[in-house]
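Notes to accompany the following structure.
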Amino acid sequence: MIPGGQPNMQQLLQQAQKMQQDLAAAQAELAEAEVEGTAGGGLVKATVSGAGELRGLVIDPKAVDPEDTETLADLILAAVRDGNGKAQELQQQKLGPLAQGLGGGIPGLPF
């Protein structure tokens with residue numbers, strides 16, 4: 001602060017620039033990170049990026065019953081939802097502190 005209570009604009013700009021760099025780094029890290037959601041005791045596994053993109057789906061043959069595809073569909077949805085929930089937790093861990101530093105939430109993010 002300069003005498004008179006006015007903030008140092010150069011210092012504020014540097015802080016904003018650093019926060020922007022930190023945010024970009026955290027977003028890049030999230031895009032590379034992967035979490036796994038499961039359902040049915042591991043019969044269905046969904047791999048989701050930290051940014052929430054579905055990257056893989058593994059279905060145990062024991063989960064496949066041609067007479068009951070509805071249960072398989074439910075297991076897939078549950079595994080994807082579990083993976084997305086874990087991705088959101090990871091986003092909160094990585095971006096939450098940055099969002100607070102910006103004085104609130106970041107548009108487009110769930111916190």
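Convention: chains lettered A, B, ... in structure tokens order; per-chain residue numbering from 1; ligands numbered from 1 as shown.
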
List the neighbours of Ala26 of chain A out to 8 Å using only C-alpha atoms; skip same-chain residues closer than 3 positions along the sequence, and give me the result as a PyMOL selection string. chain A and resi 22-23+29-30+94-95

Test item, helix (DSSP H, G or I) assignment across chain A, answer as a ChimeraX atom specification: /A:9-32,61-63,69-101

With distances taken over only C-alpha atoms, which residue among A:Thr69, A:Gln14, A:Met9, A:Gly52 lies nearest Gly37 of chain A?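 Closest to Gly37 of chain A, using only C-alpha atoms: A:Gly52.
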
Computed interatomic separation between atom CA of Asn84 of chain A and atom CA of Thr71 of chain A (Å):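 Answer for the atom CA of Asn84 of chain A to atom CA of Thr71 of chain A separation: 19.9 Å.
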
Tell me, which residues of chain A carry DSSP strand (DSSP E or B), written as a ChimeraX atom specification? /A:34-39,44-49,54-59

Sorted per-residue table, segment 14-39 of chain A near segment 76-80 of chain A, closest atoms and distance, 10 Å, only C-alpha atoms, as JSON lines:
```
{"residue": "A:Glu36", "atom": "CA", "partner": "A:Ala79", "partner_atom": "CA", "distance": 8.2}
{"residue": "A:Gly37", "atom": "CA", "partner": "A:Ala79", "partner_atom": "CA", "distance": 4.9}
{"residue": "A:Thr38", "atom": "CA", "partner": "A:Ala79", "partner_atom": "CA", "distance": 4.4}
{"residue": "A:Ala39", "atom": "CA", "partner": "A:Ala79", "partner_atom": "CA", "distance": 4.8}
```

Closest of A:Asp68, A:Ala25, A:Val35, A:Gly96 to Gly56 of chain A, counting only C-alpha atoms, is A:Val35

Identify which of the residues A:Asn8, A:Gln15, A:Gln21, A:Gln88 lies closest to Glu34 of chain A, counting only C-alpha atoms when measuring atom-to-atom distances.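 For Glu34 of chain A, the nearest of the candidates is A:Gln88.
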
Please measure the separation of atom CA of Leu72 of chain A and atom CA of Asp60 of chain A, giving the value in Å to one decimal.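 Those two atoms sit 10.2 Å apart.
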
Could you tell me how far atom CA of Thr47 of chain A lies from atom CA of Pro66 of chain A, in Å and to one decimal?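 Value for the atom CA of Thr47 of chain A-atom CA of Pro66 of chain A distance: 24.2 Å.
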
Using only C-alpha atoms, which of A:Gln93, A:Gln11, A:Leu98, A:Asp82 sits nearest Lys45 of chain A?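 Checking each candidate against Lys45 of chain A, we get A:Asp82 as the closest.
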
Closest of A:Pro61, A:Asp74, A:Gln91, A:Pro97 to Ala31 of chain A - atom-to-atom distances counting only C-alpha atoms: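 Ranked by minimum distance to Ala31 of chain A, first place goes to A:Gln91.
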